[in-house]
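Structure file my_file_24.cif with mmCIF, N, CA and C atoms:
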```
data_entry
loop_
_atom_site.label_atom_id
_atom_site.label_comp_id
_atom_site.auth_asym_id
_atom_site.auth_seq_id
_atom_site.Cartn_x
_atom_site.Cartn_y
_atom_site.Cartn_z
N MET A 239 11.83 8.22 33.92
CA MET A 239 12.08 9.29 32.96
C MET A 239 13.56 9.63 32.92
N ASP A 240 14.21 9.66 34.08
CA ASP A 240 15.63 10.03 34.13
C ASP A 240 16.50 9.10 33.30
N THR A 241 16.12 7.83 33.19
CA THR A 241 16.95 6.88 32.45
C THR A 241 16.98 7.19 30.96
N LEU A 242 15.95 7.87 30.44
CA LEU A 242 15.91 8.23 29.01
C LEU A 242 16.66 9.52 28.71
N VAL A 243 16.81 10.38 29.71
CA VAL A 243 17.40 11.70 29.48
C VAL A 243 18.79 11.56 28.89
N GLY A 244 19.00 12.31 27.80
CA GLY A 244 20.29 12.31 27.13
C GLY A 244 20.12 12.31 25.62
N THR A 245 21.24 12.11 24.96
CA THR A 245 21.27 12.09 23.49
C THR A 245 21.61 10.69 23.04
N TRP A 246 20.90 10.24 22.02
CA TRP A 246 21.03 8.89 21.50
C TRP A 246 21.25 8.94 19.99
N SER A 247 22.03 8.01 19.49
CA SER A 247 22.33 7.92 18.05
C SER A 247 21.72 6.63 17.50
N LEU A 248 21.06 6.71 16.36
CA LEU A 248 20.37 5.55 15.79
C LEU A 248 21.37 4.52 15.29
N VAL A 249 21.17 3.28 15.70
CA VAL A 249 22.00 2.16 15.30
C VAL A 249 21.31 1.37 14.20
N ARG A 250 20.02 1.07 14.41
CA ARG A 250 19.29 0.27 13.42
C ARG A 250 17.80 0.46 13.62
N TRP A 251 17.07 0.32 12.49
CA TRP A 251 15.61 0.36 12.51
C TRP A 251 15.12 -0.81 11.68
N THR A 252 14.34 -1.66 12.30
CA THR A 252 13.75 -2.79 11.58
C THR A 252 12.23 -2.73 11.74
N SER A 253 11.57 -3.19 10.70
CA SER A 253 10.12 -3.35 10.71
C SER A 253 9.85 -4.74 10.19
N GLY A 254 9.74 -5.68 11.12
CA GLY A 254 9.69 -7.09 10.71
C GLY A 254 11.04 -7.46 10.14
N THR A 255 11.07 -7.87 8.88
CA THR A 255 12.33 -8.25 8.23
C THR A 255 12.88 -7.13 7.35
N VAL A 256 12.22 -5.98 7.33
CA VAL A 256 12.61 -4.86 6.46
C VAL A 256 13.38 -3.82 7.27
N GLU A 257 14.35 -3.18 6.63
CA GLU A 257 15.04 -2.03 7.22
C GLU A 257 14.56 -0.79 6.48
N PRO A 258 13.54 -0.08 7.00
CA PRO A 258 12.91 1.02 6.26
C PRO A 258 13.88 2.09 5.74
N PHE A 259 14.93 2.39 6.49
CA PHE A 259 15.90 3.39 6.04
C PHE A 259 17.24 2.75 5.72
N GLY A 260 17.22 1.48 5.33
CA GLY A 260 18.42 0.79 4.90
C GLY A 260 19.24 0.24 6.05
N PRO A 261 20.39 -0.37 5.68
CA PRO A 261 21.22 -1.05 6.70
C PRO A 261 22.03 -0.09 7.58
N ASP A 262 22.14 1.17 7.19
CA ASP A 262 22.96 2.12 7.95
C ASP A 262 22.21 3.44 8.14
N PRO A 263 21.06 3.41 8.85
CA PRO A 263 20.32 4.66 9.02
C PRO A 263 21.07 5.62 9.94
N ARG A 264 20.74 6.89 9.85
CA ARG A 264 21.32 7.90 10.74
C ARG A 264 20.19 8.56 11.50
N GLY A 265 20.46 8.90 12.75
CA GLY A 265 19.43 9.56 13.52
C GLY A 265 19.93 10.06 14.85
N THR A 266 19.21 11.03 15.37
CA THR A 266 19.50 11.59 16.68
C THR A 266 18.19 11.66 17.45
N LEU A 267 18.25 11.23 18.70
CA LEU A 267 17.10 11.26 19.59
C LEU A 267 17.56 11.95 20.87
N VAL A 268 16.80 12.94 21.32
CA VAL A 268 17.15 13.67 22.53
C VAL A 268 15.94 13.68 23.46
N TYR A 269 16.18 13.27 24.70
CA TYR A 269 15.19 13.39 25.77
C TYR A 269 15.75 14.37 26.79
N THR A 270 14.99 15.41 27.13
CA THR A 270 15.44 16.37 28.13
C THR A 270 14.80 16.06 29.49
N ALA A 271 15.43 16.54 30.54
CA ALA A 271 14.89 16.38 31.89
C ALA A 271 13.59 17.16 32.06
N ALA A 272 13.38 18.17 31.22
CA ALA A 272 12.17 18.99 31.31
C ALA A 272 10.97 18.35 30.63
N GLY A 273 11.15 17.18 30.00
CA GLY A 273 10.02 16.48 29.41
C GLY A 273 9.78 16.72 27.94
N THR A 274 10.80 17.19 27.23
CA THR A 274 10.69 17.38 25.79
C THR A 274 11.58 16.36 25.10
N MET A 275 11.11 15.84 23.97
CA MET A 275 11.95 14.94 23.18
C MET A 275 11.94 15.43 21.74
N ILE A 276 13.03 15.13 21.06
CA ILE A 276 13.18 15.47 19.65
C ILE A 276 13.83 14.27 18.97
N ALA A 277 13.26 13.85 17.85
CA ALA A 277 13.82 12.74 17.08
C ALA A 277 13.91 13.14 15.63
N CYS A 278 15.04 12.82 15.01
CA CYS A 278 15.16 12.97 13.57
C CYS A 278 15.99 11.80 13.07
N PHE A 279 15.57 11.24 11.96
CA PHE A 279 16.26 10.07 11.42
C PHE A 279 16.09 10.03 9.92
N MET A 280 17.06 9.37 9.25
CA MET A 280 17.06 9.37 7.80
C MET A 280 17.83 8.18 7.24
N ARG A 281 17.58 7.93 5.98
CA ARG A 281 18.39 6.97 5.22
C ARG A 281 19.75 7.63 5.02
N SER A 282 20.83 6.91 5.19
CA SER A 282 22.16 7.54 5.10
C SER A 282 22.54 7.88 3.66
N ALA A 283 22.09 7.12 2.69
CA ALA A 283 22.45 7.38 1.29
C ALA A 283 21.34 8.17 0.61
N ARG A 284 21.34 9.49 0.81
CA ARG A 284 20.34 10.37 0.21
C ARG A 284 21.03 11.24 -0.82
N PRO A 285 20.62 11.15 -2.09
CA PRO A 285 21.28 11.97 -3.11
C PRO A 285 20.96 13.45 -2.92
N PRO A 286 21.94 14.31 -3.15
CA PRO A 286 21.68 15.75 -3.03
C PRO A 286 20.75 16.23 -4.14
N LEU A 287 20.03 17.31 -3.87
CA LEU A 287 19.14 17.88 -4.87
C LEU A 287 19.90 18.68 -5.93
N GLY A 288 21.11 19.09 -5.59
CA GLY A 288 21.93 19.79 -6.56
C GLY A 288 21.49 21.23 -6.79
N PRO A 289 21.83 21.78 -7.97
CA PRO A 289 21.55 23.19 -8.26
C PRO A 289 20.07 23.55 -8.21
N ALA A 290 19.21 22.59 -8.47
CA ALA A 290 17.78 22.87 -8.44
C ALA A 290 17.31 23.28 -7.05
N MET A 291 18.07 22.92 -6.01
CA MET A 291 17.67 23.26 -4.65
C MET A 291 17.61 24.77 -4.45
N ASP A 292 18.60 25.50 -4.97
CA ASP A 292 18.60 26.96 -4.82
C ASP A 292 17.40 27.59 -5.51
N ALA A 293 17.08 27.10 -6.72
CA ALA A 293 15.93 27.62 -7.46
C ALA A 293 14.64 27.34 -6.70
N TYR A 294 14.53 26.13 -6.16
CA TYR A 294 13.33 25.77 -5.41
C TYR A 294 13.22 26.62 -4.14
N ARG A 295 14.34 26.84 -3.45
CA ARG A 295 14.32 27.66 -2.23
C ARG A 295 13.84 29.08 -2.54
N ASP A 296 14.38 29.69 -3.59
CA ASP A 296 13.96 31.04 -3.98
C ASP A 296 12.46 31.08 -4.31
N TYR A 297 11.99 30.04 -5.00
CA TYR A 297 10.57 29.95 -5.35
C TYR A 297 9.71 29.86 -4.09
N ARG A 298 10.09 28.99 -3.13
CA ARG A 298 9.31 28.81 -1.91
C ARG A 298 9.31 30.08 -1.05
N LEU A 299 10.38 30.85 -1.10
CA LEU A 299 10.45 32.09 -0.32
C LEU A 299 9.81 33.27 -1.04
N GLY A 300 9.27 33.02 -2.24
CA GLY A 300 8.60 34.08 -2.99
C GLY A 300 9.54 35.05 -3.66
N ARG A 301 10.81 34.70 -3.75
CA ARG A 301 11.79 35.60 -4.37
C ARG A 301 11.79 35.55 -5.88
N ALA A 302 11.42 34.39 -6.45
CA ALA A 302 11.50 34.25 -7.90
C ALA A 302 10.60 33.10 -8.34
N ALA A 303 10.20 33.18 -9.61
CA ALA A 303 9.46 32.06 -10.20
C ALA A 303 10.47 30.96 -10.51
N LEU A 304 9.98 29.74 -10.67
CA LEU A 304 10.89 28.66 -11.08
C LEU A 304 11.46 29.03 -12.44
N PRO A 305 12.77 28.94 -12.60
CA PRO A 305 13.39 29.32 -13.87
C PRO A 305 12.91 28.45 -15.03
N ARG A 306 12.87 29.04 -16.20
CA ARG A 306 12.55 28.27 -17.40
C ARG A 306 13.58 27.17 -17.56
N GLY A 307 13.14 26.06 -18.05
CA GLY A 307 14.06 24.97 -18.28
C GLY A 307 14.22 24.05 -17.08
N LEU A 308 13.76 24.51 -15.91
CA LEU A 308 13.85 23.63 -14.74
C LEU A 308 12.80 22.55 -14.89
N ASP A 309 13.19 21.34 -14.76
CA ASP A 309 12.30 20.20 -14.92
C ASP A 309 11.50 20.03 -13.63
N ARG A 310 10.34 20.68 -13.58
CA ARG A 310 9.55 20.69 -12.35
C ARG A 310 9.13 19.28 -11.92
N PRO A 311 8.63 18.41 -12.83
CA PRO A 311 8.29 17.05 -12.36
C PRO A 311 9.49 16.31 -11.77
N ARG A 312 10.67 16.51 -12.34
CA ARG A 312 11.87 15.86 -11.80
C ARG A 312 12.18 16.41 -10.41
N LEU A 313 12.11 17.74 -10.25
CA LEU A 313 12.36 18.36 -8.96
C LEU A 313 11.36 17.86 -7.93
N GLU A 314 10.09 17.77 -8.30
CA GLU A 314 9.08 17.29 -7.37
C GLU A 314 9.36 15.85 -6.96
N THR A 315 9.81 15.03 -7.90
CA THR A 315 10.18 13.64 -7.59
C THR A 315 11.37 13.61 -6.64
N GLN A 316 12.37 14.47 -6.90
CA GLN A 316 13.55 14.52 -6.02
C GLN A 316 13.14 14.95 -4.61
N LEU A 317 12.27 15.95 -4.51
CA LEU A 317 11.82 16.42 -3.20
C LEU A 317 11.02 15.36 -2.47
N LEU A 318 10.17 14.64 -3.19
CA LEU A 318 9.39 13.57 -2.57
C LEU A 318 10.32 12.47 -2.07
N ASP A 319 11.31 12.09 -2.89
CA ASP A 319 12.27 11.07 -2.47
C ASP A 319 13.03 11.53 -1.22
N ALA A 320 13.42 12.81 -1.19
CA ALA A 320 14.14 13.34 -0.02
C ALA A 320 13.24 13.28 1.22
N ALA A 321 11.98 13.65 1.07
CA ALA A 321 11.05 13.63 2.20
C ALA A 321 10.76 12.21 2.68
N MET A 322 10.67 11.27 1.76
CA MET A 322 10.35 9.89 2.12
C MET A 322 11.52 9.17 2.79
N SER A 323 12.70 9.75 2.71
CA SER A 323 13.87 9.12 3.34
C SER A 323 14.31 9.87 4.60
N PHE A 324 13.38 10.65 5.17
CA PHE A 324 13.67 11.45 6.36
C PHE A 324 12.41 11.57 7.20
N ASN A 325 12.58 11.67 8.50
CA ASN A 325 11.45 11.94 9.38
C ASN A 325 11.96 12.66 10.62
N ALA A 326 11.12 13.50 11.18
CA ALA A 326 11.49 14.23 12.40
C ALA A 326 10.23 14.66 13.12
N TYR A 327 10.33 14.70 14.45
CA TYR A 327 9.23 15.24 15.24
C TYR A 327 9.73 15.63 16.62
N SER A 328 8.94 16.45 17.30
CA SER A 328 9.23 16.88 18.66
C SER A 328 7.96 16.72 19.48
N ALA A 329 8.13 16.38 20.74
CA ALA A 329 6.96 16.09 21.57
C ALA A 329 7.26 16.33 23.04
N ARG A 330 6.21 16.48 23.81
CA ARG A 330 6.29 16.36 25.26
C ARG A 330 6.22 14.86 25.51
N TYR A 331 6.94 14.37 26.51
CA TYR A 331 6.91 12.94 26.77
C TYR A 331 6.74 12.66 28.25
N PHE A 332 6.23 11.46 28.52
CA PHE A 332 6.20 10.97 29.90
C PHE A 332 6.28 9.45 29.86
N VAL A 333 6.80 8.92 30.95
CA VAL A 333 7.05 7.49 31.07
C VAL A 333 5.99 6.87 31.98
N GLU A 334 5.54 5.70 31.59
CA GLU A 334 4.58 4.93 32.36
C GLU A 334 5.03 3.47 32.31
N GLY A 335 5.72 3.03 33.37
CA GLY A 335 6.27 1.68 33.38
C GLY A 335 7.34 1.54 32.30
N ASP A 336 7.14 0.58 31.37
CA ASP A 336 8.10 0.40 30.28
C ASP A 336 7.60 1.04 28.98
N LEU A 337 6.65 1.98 29.13
CA LEU A 337 6.14 2.72 27.97
C LEU A 337 6.56 4.17 28.05
N VAL A 338 6.90 4.74 26.90
CA VAL A 338 7.14 6.17 26.83
C VAL A 338 6.12 6.73 25.83
N HIS A 339 5.41 7.77 26.27
CA HIS A 339 4.38 8.39 25.45
C HIS A 339 4.92 9.71 24.91
N HIS A 340 4.83 9.88 23.60
CA HIS A 340 5.25 11.11 22.94
C HIS A 340 3.99 11.85 22.48
N ASP A 341 3.70 12.98 23.09
CA ASP A 341 2.56 13.81 22.67
C ASP A 341 3.10 14.82 21.67
N VAL A 342 2.91 14.52 20.39
CA VAL A 342 3.58 15.22 19.30
C VAL A 342 3.06 16.65 19.15
N GLU A 343 4.01 17.59 19.09
CA GLU A 343 3.71 19.00 18.91
C GLU A 343 4.14 19.51 17.53
N ILE A 344 5.27 19.02 17.03
CA ILE A 344 5.82 19.44 15.74
C ILE A 344 6.23 18.18 15.01
N ALA A 345 5.90 18.08 13.71
CA ALA A 345 6.25 16.87 12.98
C ALA A 345 6.34 17.13 11.49
N MET A 346 7.24 16.40 10.84
CA MET A 346 7.28 16.44 9.39
C MET A 346 5.98 15.89 8.82
N LEU A 347 5.45 14.85 9.46
CA LEU A 347 4.18 14.25 9.03
C LEU A 347 3.04 14.95 9.76
N PRO A 348 2.27 15.77 9.06
CA PRO A 348 1.23 16.56 9.73
C PRO A 348 0.21 15.72 10.49
N ASP A 349 -0.02 14.49 10.06
CA ASP A 349 -1.00 13.64 10.74
C ASP A 349 -0.58 13.28 12.16
N TRP A 350 0.69 13.41 12.49
CA TRP A 350 1.17 13.09 13.83
C TRP A 350 0.94 14.22 14.82
N ILE A 351 0.79 15.45 14.34
CA ILE A 351 0.64 16.61 15.23
C ILE A 351 -0.63 16.44 16.06
N GLY A 352 -0.47 16.55 17.38
CA GLY A 352 -1.60 16.39 18.29
C GLY A 352 -1.88 14.94 18.66
N LYS A 353 -1.11 14.02 18.12
CA LYS A 353 -1.31 12.59 18.41
C LYS A 353 -0.33 12.13 19.49
N ARG A 354 -0.69 11.04 20.13
CA ARG A 354 0.21 10.40 21.09
C ARG A 354 0.82 9.17 20.41
N LEU A 355 2.14 9.13 20.37
CA LEU A 355 2.87 7.98 19.87
C LEU A 355 3.44 7.26 21.09
N THR A 356 3.03 6.03 21.30
CA THR A 356 3.49 5.26 22.46
C THR A 356 4.48 4.21 22.01
N ARG A 357 5.61 4.15 22.69
CA ARG A 357 6.67 3.20 22.40
C ARG A 357 6.99 2.41 23.66
N ARG A 358 7.21 1.11 23.49
CA ARG A 358 7.74 0.31 24.59
C ARG A 358 9.25 0.56 24.58
N PHE A 359 9.86 0.72 25.74
CA PHE A 359 11.30 0.95 25.75
C PHE A 359 12.01 -0.03 26.66
N ARG A 360 13.25 -0.29 26.29
CA ARG A 360 14.12 -1.16 27.09
C ARG A 360 15.53 -0.58 26.98
N ILE A 361 16.19 -0.44 28.11
CA ILE A 361 17.56 0.04 28.13
C ILE A 361 18.45 -1.09 28.64
N GLU A 362 19.48 -1.40 27.86
CA GLU A 362 20.47 -2.41 28.26
C GLU A 362 21.84 -1.78 28.02
N GLY A 363 22.55 -1.48 29.10
CA GLY A 363 23.84 -0.81 28.96
C GLY A 363 23.65 0.56 28.34
N ASP A 364 24.34 0.78 27.21
CA ASP A 364 24.24 2.08 26.54
C ASP A 364 23.28 2.03 25.35
N GLN A 365 22.42 0.99 25.29
CA GLN A 365 21.47 0.86 24.19
C GLN A 365 20.03 1.02 24.65
N LEU A 366 19.27 1.75 23.86
CA LEU A 366 17.85 1.96 24.08
C LEU A 366 17.11 1.38 22.89
N THR A 367 16.14 0.52 23.16
CA THR A 367 15.29 0.00 22.09
C THR A 367 13.89 0.55 22.29
N LEU A 368 13.37 1.20 21.26
CA LEU A 368 11.99 1.67 21.24
C LEU A 368 11.24 0.78 20.26
N SER A 369 10.14 0.20 20.70
CA SER A 369 9.39 -0.69 19.79
C SER A 369 7.91 -0.36 19.80
N PHE A 370 7.30 -0.60 18.66
CA PHE A 370 5.86 -0.41 18.47
C PHE A 370 5.46 -1.25 17.27
N GLY A 371 4.41 -2.04 17.43
CA GLY A 371 4.01 -2.94 16.35
C GLY A 371 5.19 -3.82 15.96
N ALA A 372 5.46 -3.93 14.66
CA ALA A 372 6.58 -4.74 14.16
C ALA A 372 7.89 -3.95 14.12
N ASP A 373 7.85 -2.68 14.52
CA ASP A 373 9.03 -1.81 14.40
C ASP A 373 9.84 -1.81 15.68
N ALA A 374 11.16 -1.76 15.50
CA ALA A 374 12.09 -1.62 16.61
C ALA A 374 13.22 -0.70 16.18
N LEU A 375 13.44 0.35 16.94
CA LEU A 375 14.56 1.26 16.69
C LEU A 375 15.54 1.11 17.83
N VAL A 376 16.78 0.84 17.49
CA VAL A 376 17.84 0.66 18.49
C VAL A 376 18.72 1.90 18.44
N TRP A 377 18.93 2.50 19.60
CA TRP A 377 19.72 3.72 19.74
C TRP A 377 20.86 3.45 20.71
N ARG A 378 21.99 4.15 20.50
CA ARG A 378 23.13 4.06 21.41
C ARG A 378 23.33 5.42 22.06
N ARG A 379 23.53 5.41 23.39
CA ARG A 379 23.74 6.68 24.11
C ARG A 379 25.02 7.33 23.62
N VAL A 380 24.95 8.62 23.38
CA VAL A 380 26.11 9.39 22.92
C VAL A 380 26.89 9.87 24.11
#
```

Could the structure of this file be written out as structure tokens, please?
Amino acid sequence: MDTLVGTWSLVRWTSGTVEPFGPDPRGTLVYTAAGTMIACFMRSARPPLGPAMDAYRDYRLGRAALPRGLDRPRLETQLLDAAMSFNAYSARYFVEGDLVHHDVEIAMLPDWIGKRLTRRFRIEGDQLTLSFGADALVWRRV
């Protein structure tokens, strides 16, 4: 467990021959000595939502209705695209041999909450590789 403790920056994510978040993904992974981990990662080229973001925020907070003229289907598409190019979760973790188990407590994807995500890990120098199925995420210690 001690070998994972620290902060890691995402170098690359591959799923077979595909790079799900493109050739230059961004991400931060933190493992604490107390057994908590937090991961967030995203596609680096994410277009901003622009002025519609303020209107959407006010609407979600119950401060105002969506203004007339706001293209709601376009905003919904922009929000979906933003969500699909980002992921984050937090979990309690424990190590078992070369496996690290993440017992998810908080997640962008609701289906992960209460689930165990198991990753095979390998540390070589300042690089950590987490793999599962065809996916491999390579992180560099910060």

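Against the coordinates shown, the PyMOL selection byres (((chain A and resi 345 and name CA) around 10) and name CA) returns Ile276, Ala277, Cys278, Asn325, Ala326, Tyr327, Ser328, Ala329, Val342, Glu343, Ile344, Met346, Leu347, Pro348, Asp349, Trp350, Ile351 and Gly352 of chain A.
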
Residue contacts of range 247-250 of chain A (6.5 Å, only N, CA and C atoms) excluding same-chain residues fewer than 4 positions away, as a list in words: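 So the residues in contact are Pro261, Asp262, Pro263, Arg264, Gly265, Thr266, Leu267, Ala374, Leu375, Val376, Trp377, Arg378, Arg379 and Val380 of chain A.
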
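Comparing A:Leu287, A:Leu355, A:Val256, A:Ala320 by their smallest distance to Ala372 in chain A, the closest is A:Val256 (using only C-alpha atoms).
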
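Near Arg357 in chain A, within a cut-off of 10 Å and counting only C-alpha atoms, sit the residues A:Val333, A:Asp336, A:Leu337, A:Val338, A:His339, A:His340, A:Thr367, A:Leu368, A:Ser369, A:Phe370, A:Gly371, A:Asp373, A:Ala374, A:Leu375, with same-chain residues fewer than 6 positions away left out.
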
All alpha helix (DSSP H) positions in chain A, as a list in words: Ala290, Met291, Asp292, Ala293, Tyr294, Arg295, Asp296, Tyr297, Arg298, Arg310, Pro311, Arg312, Leu313, Glu314, Thr315, Gln316, Leu317, Leu318, Asp319, Ala320, Ala321 and Met322 of chain A

Apply the PyMOL selection byres (((chain A and resi 269 and name CA) around 7) and name CA) to the structure shown and report the selected residues as a PDB file with N, CA and C atoms, in the coordinates of the input.
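The result, stored in out-v9.pdb:
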```
ATOM      1  N   LEU A 242      15.950   7.870  30.440  1.00  0.00           N
ATOM      2  CA  LEU A 242      15.910   8.230  29.010  1.00  0.00           C
ATOM      3  C   LEU A 242      16.660   9.520  28.710  1.00  0.00           C
ATOM      4  N   VAL A 243      16.810  10.380  29.710  1.00  0.00           N
ATOM      5  CA  VAL A 243      17.400  11.700  29.480  1.00  0.00           C
ATOM      6  C   VAL A 243      18.790  11.560  28.890  1.00  0.00           C
ATOM      7  N   GLY A 244      19.000  12.310  27.800  1.00  0.00           N
ATOM      8  CA  GLY A 244      20.290  12.310  27.130  1.00  0.00           C
ATOM      9  C   GLY A 244      20.120  12.310  25.620  1.00  0.00           C
ATOM     10  N   THR A 245      21.240  12.110  24.960  1.00  0.00           N
ATOM     11  CA  THR A 245      21.270  12.090  23.490  1.00  0.00           C
ATOM     12  C   THR A 245      21.610  10.690  23.040  1.00  0.00           C
ATOM     13  N   LEU A 267      18.250  11.230  18.700  1.00  0.00           N
ATOM     14  CA  LEU A 267      17.100  11.260  19.590  1.00  0.00           C
ATOM     15  C   LEU A 267      17.560  11.950  20.870  1.00  0.00           C
ATOM     16  N   VAL A 268      16.800  12.940  21.320  1.00  0.00           N
ATOM     17  CA  VAL A 268      17.150  13.670  22.530  1.00  0.00           C
ATOM     18  C   VAL A 268      15.940  13.680  23.460  1.00  0.00           C
ATOM     19  N   THR A 270      14.990  15.410  27.130  1.00  0.00           N
ATOM     20  CA  THR A 270      15.440  16.370  28.130  1.00  0.00           C
ATOM     21  C   THR A 270      14.800  16.060  29.490  1.00  0.00           C
ATOM     22  N   ALA A 271      15.430  16.540  30.540  1.00  0.00           N
ATOM     23  CA  ALA A 271      14.890  16.380  31.890  1.00  0.00           C
ATOM     24  C   ALA A 271      13.590  17.160  32.060  1.00  0.00           C
ATOM     25  N   THR A 274      10.800  17.190  27.230  1.00  0.00           N
ATOM     26  CA  THR A 274      10.690  17.380  25.790  1.00  0.00           C
ATOM     27  C   THR A 274      11.580  16.360  25.100  1.00  0.00           C
ATOM     28  N   MET A 275      11.110  15.840  23.970  1.00  0.00           N
ATOM     29  CA  MET A 275      11.950  14.940  23.180  1.00  0.00           C
ATOM     30  C   MET A 275      11.940  15.430  21.740  1.00  0.00           C
ATOM     31  N   ILE A 276      13.030  15.130  21.060  1.00  0.00           N
ATOM     32  CA  ILE A 276      13.180  15.470  19.650  1.00  0.00           C
ATOM     33  C   ILE A 276      13.830  14.270  18.970  1.00  0.00           C
TER      34      ILE A 276
END
```

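The two atoms in question, atom C of Thr252 in chain A and atom C of Leu366 in chain A, are spaced 12.8 Å apart.
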
Minimum-distance residue to Trp251 in chain A, chosen among A:Gly273, A:Arg358, A:Arg298, A:Arg281 (using only C-alpha atoms):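 Among A:Gly273, A:Arg358, A:Arg298, A:Arg281, it is A:Arg281 that comes nearest to Trp251 in chain A.
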
Residue list (strand (DSSP E or B), DSSP) for range 271-356 of chain A, as number ranges by chain: A: 274-280, 324-334, 337-345, 354-356

Atom pair CA of Gly363 in chain A / atom N of Gly335 in chain A: separation (Å):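 Computing it gives 19.0 Å between the two atoms.
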
Enclosing box along x, y and z for every listed atom of range 312-327 of chain A, padded 3 Å each side, centre and size in Å, one decimal, as JSON:
```
{"center_x": 11.7, "center_y": 13.7, "center_z": 2.1, "size_x": 11.2, "size_y": 15.2, "size_z": 35.0}
```

Point-to-point distance from CA of Pro289 in chain A to CA of Ala321 in chain A, Å rounded to tenths: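 Here the two named atoms are 17.6 Å from each other.
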